[in-house]
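Text of the file upload21.cif, holding mmCIF, C-alpha atoms:
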```
data_model
#
loop_
_atom_site.label_atom_id
_atom_site.label_comp_id
_atom_site.auth_asym_id
_atom_site.auth_seq_id
_atom_site.Cartn_x
_atom_site.Cartn_y
_atom_site.Cartn_z
CA MET N 1 -17.54 -6.32 4.58
CA TYR N 2 -14.36 -6.76 6.66
CA PHE N 3 -16.15 -7.48 9.93
CA SER N 4 -18.66 -9.77 8.25
CA PHE N 5 -15.95 -12.46 8.23
CA PHE N 6 -15.34 -12.28 11.98
CA PRO N 7 -16.93 -14.86 14.25
CA LYS N 8 -19.82 -13.84 16.49
CA LEU N 9 -20.05 -14.45 20.20
CA VAL N 10 -22.68 -14.09 22.88
CA TYR N 11 -21.83 -11.36 25.38
CA ASP N 12 -23.55 -9.54 28.23
CA LEU N 13 -22.66 -5.95 27.26
CA VAL N 14 -23.94 -4.16 30.36
CA GLY N 15 -23.95 -6.91 32.99
CA ASP N 16 -27.75 -7.22 33.18
CA LYS N 17 -27.78 -10.93 32.25
CA THR N 18 -29.17 -10.05 28.79
CA ASP N 19 -26.90 -11.63 26.21
CA LYS N 20 -26.34 -10.05 22.81
CA LEU N 21 -24.76 -11.48 19.69
CA VAL N 22 -21.69 -9.37 18.93
CA THR N 23 -18.78 -9.47 16.50
CA ASP N 24 -15.57 -10.78 18.09
CA LEU N 25 -13.28 -7.80 17.46
CA PHE N 26 -10.38 -9.38 19.33
CA ASN N 27 -9.47 -11.54 16.35
CA ARG N 28 -6.50 -10.07 14.52
CA LEU N 29 -4.63 -11.59 11.63
CA LYS N 30 -1.27 -10.69 10.26
CA ILE N 31 0.05 -11.56 6.84
CA ARG N 32 3.12 -13.77 6.93
CA GLU N 33 6.33 -11.97 5.95
CA LYS N 34 6.99 -14.50 3.20
CA ILE N 35 3.68 -13.63 1.54
CA LEU N 36 4.11 -9.90 2.12
CA ASN N 37 7.47 -10.01 0.38
CA GLU N 38 6.21 -12.01 -2.62
CA LEU N 39 6.55 -9.37 -5.33
CA THR N 40 4.35 -11.17 -7.85
CA LEU N 41 1.25 -10.69 -5.65
CA TYR N 42 1.46 -6.92 -5.48
CA SER N 43 2.25 -3.75 -7.28
CA THR N 44 3.59 -0.71 -5.47
CA TYR N 45 1.68 2.52 -5.50
CA ASP N 46 2.56 6.03 -4.34
CA VAL N 47 -0.55 7.48 -2.73
CA LEU N 48 -1.45 10.79 -4.34
CA ASP N 49 -2.90 13.77 -2.53
CA GLY N 50 -6.56 13.01 -1.93
CA ASP N 51 -6.35 9.26 -2.56
CA THR N 52 -8.29 7.22 -0.03
CA PRO N 53 -8.41 3.47 0.55
CA GLU N 54 -11.93 3.57 -0.88
CA SER N 55 -10.92 5.42 -4.05
CA LEU N 56 -8.00 3.04 -4.63
CA SER N 57 -10.25 0.04 -4.02
CA TYR N 58 -12.61 1.35 -6.67
CA LYS N 59 -9.74 2.13 -9.06
CA TYR N 60 -8.11 -1.31 -8.77
CA TYR N 61 -11.00 -3.63 -7.86
CA GLY N 62 -14.06 -1.86 -9.27
CA SER N 63 -15.72 -1.45 -5.87
CA THR N 64 -15.10 0.52 -2.69
CA GLN N 65 -16.00 -2.51 -0.56
CA TYR N 66 -12.45 -3.88 -0.77
CA HIS N 67 -10.80 -0.87 0.89
CA TRP N 68 -10.12 -3.05 3.93
CA ILE N 69 -7.82 -5.26 1.84
CA ILE N 70 -5.61 -2.28 0.99
CA LEU N 71 -5.47 -1.32 4.66
CA PHE N 72 -4.88 -4.91 5.79
CA ILE N 73 -2.08 -5.66 3.31
CA ASN N 74 -0.28 -2.48 4.33
CA ASN N 75 -0.77 -3.14 8.06
CA ILE N 76 -2.72 0.09 8.46
CA THR N 77 -4.66 -0.21 11.68
CA ASP N 78 -5.47 3.48 12.13
CA ARG N 79 -7.04 4.93 9.01
CA TYR N 80 -6.39 8.51 10.11
CA TYR N 81 -2.82 8.33 11.40
CA ASP N 82 -1.29 5.52 9.34
CA TRP N 83 -2.61 6.77 5.98
CA PRO N 84 -0.81 9.76 4.40
CA LEU N 85 -2.36 13.14 5.10
CA THR N 86 -3.56 15.46 2.36
CA ILE N 87 -1.55 18.66 1.84
CA GLU N 88 -4.10 20.65 3.84
CA GLN N 89 -4.25 18.08 6.66
CA PHE N 90 -0.46 17.97 6.76
CA GLU N 91 -0.15 21.74 7.19
CA ILE N 92 -2.70 21.74 9.99
CA TYR N 93 -0.97 18.78 11.67
CA LEU N 94 2.45 20.43 11.34
CA ASN N 95 1.30 23.75 12.78
CA ASP N 96 -0.50 22.00 15.65
CA LYS N 97 2.51 19.85 16.53
CA TYR N 98 5.33 22.42 16.24
CA VAL N 99 5.65 26.02 17.36
CA ASN N 100 8.02 26.55 14.43
CA PRO N 101 7.71 23.88 11.72
CA ASP N 102 10.88 25.16 10.04
CA SER N 103 13.13 24.95 13.10
CA ILE N 104 15.72 22.18 13.39
CA HIS N 105 14.42 18.76 14.36
CA HIS N 106 17.78 16.97 14.33
CA TYR N 107 21.12 16.68 12.53
CA GLU N 108 22.27 13.75 10.43
CA ILE N 109 25.07 12.37 8.30
CA THR N 110 25.22 9.64 5.68
CA GLN N 111 26.71 6.52 7.23
CA SER N 112 30.21 5.69 6.05
CA SER N 113 29.88 1.88 5.97
CA GLY N 114 27.24 -0.66 5.10
CA GLU N 115 24.35 0.42 2.89
CA THR N 116 25.10 4.05 2.09
CA ASN N 117 22.54 4.73 -0.63
CA GLY N 118 18.85 5.17 -0.04
CA LEU N 119 16.65 2.60 -1.73
CA GLY N 120 14.17 5.08 -3.12
CA PRO N 121 12.97 8.58 -2.43
CA SER N 122 11.49 7.76 0.99
CA ASP N 123 14.34 5.60 2.31
CA TYR N 124 16.54 7.37 4.80
CA SER N 125 17.94 4.25 6.45
CA HIS N 126 21.40 5.26 5.26
CA LYS N 127 21.23 8.40 7.42
CA ILE N 128 22.41 8.52 11.02
CA GLU N 129 21.18 11.04 13.58
CA VAL N 130 24.14 12.88 15.15
CA ASN N 131 24.99 15.93 17.28
CA SER N 132 25.19 19.32 15.62
CA THR N 133 28.96 19.39 16.23
CA THR N 134 29.63 16.27 14.13
CA THR N 135 31.66 17.02 11.01
CA GLY N 136 29.45 17.10 7.93
CA ALA N 137 26.21 17.11 9.93
CA THR N 138 23.21 18.42 8.02
CA ALA N 139 20.21 20.00 9.71
CA VAL N 140 16.78 18.43 9.17
CA THR N 141 13.83 20.68 9.96
CA ASN N 142 10.63 19.58 11.64
CA ARG N 143 8.89 19.97 8.28
CA GLU N 144 11.45 17.79 6.46
CA TYR N 145 11.26 15.16 9.20
CA GLU N 146 7.45 14.99 9.05
CA GLU N 147 7.47 15.03 5.21
CA ARG N 148 9.76 11.99 5.28
CA LEU N 149 7.32 10.15 7.52
CA GLN N 150 4.47 11.04 5.17
CA ASP N 151 6.51 9.88 2.15
CA GLN N 152 7.05 6.50 3.81
CA LYS N 153 3.31 6.17 4.34
CA ARG N 154 2.68 7.04 0.68
CA GLN N 155 4.39 3.90 -0.60
CA ILE N 156 1.85 1.11 -0.34
CA LYS N 157 1.22 -2.30 -1.85
CA ILE N 158 -1.82 -3.07 -3.96
CA LEU N 159 -2.86 -6.72 -4.22
CA ASP N 160 -3.06 -7.82 -7.84
CA VAL N 161 -6.72 -8.13 -8.84
CA SER N 162 -6.20 -11.76 -9.92
CA PHE N 163 -5.46 -12.64 -6.28
CA LEU N 164 -8.42 -10.71 -4.83
CA GLN N 165 -10.93 -13.60 -4.55
CA PRO N 166 -8.37 -16.16 -3.30
CA PHE N 167 -7.23 -13.61 -0.71
CA ILE N 168 -10.80 -13.03 0.52
CA GLU N 169 -11.48 -16.76 0.69
CA GLU N 170 -8.26 -17.42 2.61
CA PHE N 171 -8.98 -14.51 4.96
CA GLU N 172 -12.48 -15.85 5.68
CA ILE N 173 -11.21 -19.36 6.42
CA THR N 174 -8.38 -18.11 8.63
CA ILE N 175 -10.40 -15.59 10.65
CA ARG N 176 -13.04 -18.18 11.50
CA LYS N 177 -10.50 -20.66 12.93
#
```

As structure tokens, please, write out the structure in this file.
Amino acid sequence: MYFSFFPKLVYDLVGDKTDKLVTDLFNRLKIREKILNELTLYSTYDVLDGDTPESLSYKYYGSTQYHWIILFINNITDRYYDWPLTIEQFEIYLNDKYVNPDSIHHYEITQSSGETNGLGPSDYSHKIEVNSTTTGATAVTNREYEERLQDQKRQIKILDVSFLQPFIEEFEITIRK
């Protein structure tokens, strides 16, 4: 359904002077920050192990065909690397990436000025990466580091169902411009 909104263009795919009608994949839209930050349009959701964009689309919109809206709203351009991994996928990824997943990735401290409290379980913006010799430095393992990245990916926005049709209509108008 997502690509059905994109304009078509005539293109010679192989250079043999035989034109084909193709979907213009170079169109890319981005949601304006003001709209993205409008809390009344969305609810937040923590992706559970095994959730997929399709299963969430069905759960919230009654059809899997709107999975692209969940991906679009959350600026997920790579379904396999931007979406949180399952527990099994995560373990495979971790063991492929690191010789020792439980060795030290880096050291950190909580910053002493400015925002010093995390704004939720996956917010580590109040932490500062430091050398191991810094007073109060805490070790963060490769596993902990990668788990934090996965936790950030787990927090997504779900467009309120009452805005689904207006969103689709606006998307269609905008993509065809």

Using all atoms listed in the file, pick whichever of N:Ser112, N:Thr174, N:Thr86, N:Thr138 has the shortest atom-to-atom distance to Asp151 in chain N.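 Of N:Ser112, N:Thr174, N:Thr86, N:Thr138, the one nearest Asp151 in chain N, counting all atoms listed in the file, is N:Thr86.
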
Write out as a PyMOL selection string which residues come within 10 Å of Phe90 in chain N when counting all atoms listed in the file, dropping same-chain ones fewer than 5 positions away. chain N and resi 84-85+95-96+143+146-147+150

Once you count only C-alpha atoms, which residues end up no further than 7 Å from (23.7, 19.7, 13.1) in the file's frame, shown as a VMD selection string? chain N and resid 106 to 108 131 to 134 137 to 139

Selection from above, C-alpha atoms, as a PDB file, in the coordinates of the input, can you write it?
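Result went into selection.pdb, see below:
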```pdb
ATOM      1  CA  HIS N 106      17.780  16.970  14.330  1.00  0.00           C
ATOM      2  CA  TYR N 107      21.120  16.680  12.530  1.00  0.00           C
ATOM      3  CA  GLU N 108      22.270  13.750  10.430  1.00  0.00           C
ATOM      4  CA  ASN N 131      24.990  15.930  17.280  1.00  0.00           C
ATOM      5  CA  SER N 132      25.190  19.320  15.620  1.00  0.00           C
ATOM      6  CA  THR N 133      28.960  19.390  16.230  1.00  0.00           C
ATOM      7  CA  THR N 134      29.630  16.270  14.130  1.00  0.00           C
ATOM      8  CA  ALA N 137      26.210  17.110   9.930  1.00  0.00           C
ATOM      9  CA  THR N 138      23.210  18.420   8.020  1.00  0.00           C
ATOM     10  CA  ALA N 139      20.210  20.000   9.710  1.00  0.00           C
TER      11      ALA N 139
END
```

So which residues get picked by the PyMOL selection byres ((chain N and resi 52-67) around 12) here, written as a VMD selection string? chain N and resid 1 to 4 42 to 43 45 to 51 68 to 74 76 78 to 80 82 to 86 154 156 to 165 167 to 168

Can you tell me how far CA of Lys97 in chain N sits from CA of Asn142 in chain N, in Å to one decimal?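 Calculated distance between CA of Lys97 in chain N and CA of Asn142 in chain N is 9.5 Å.
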
Can you work out which one of N:His105, N:Gln111, N:Asp123, N:Pro166 has the shortest atom-to-atom distance to Tyr145 in chain N, counting all atoms listed in the file? N:His105

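For the pair CA of Thr141 in chain N and CA of Pro101 in chain N, the interatomic distance is 7.1 Å.
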
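The space between CA of Asn100 in chain N and CA of Arg148 in chain N spans 17.3 Å.
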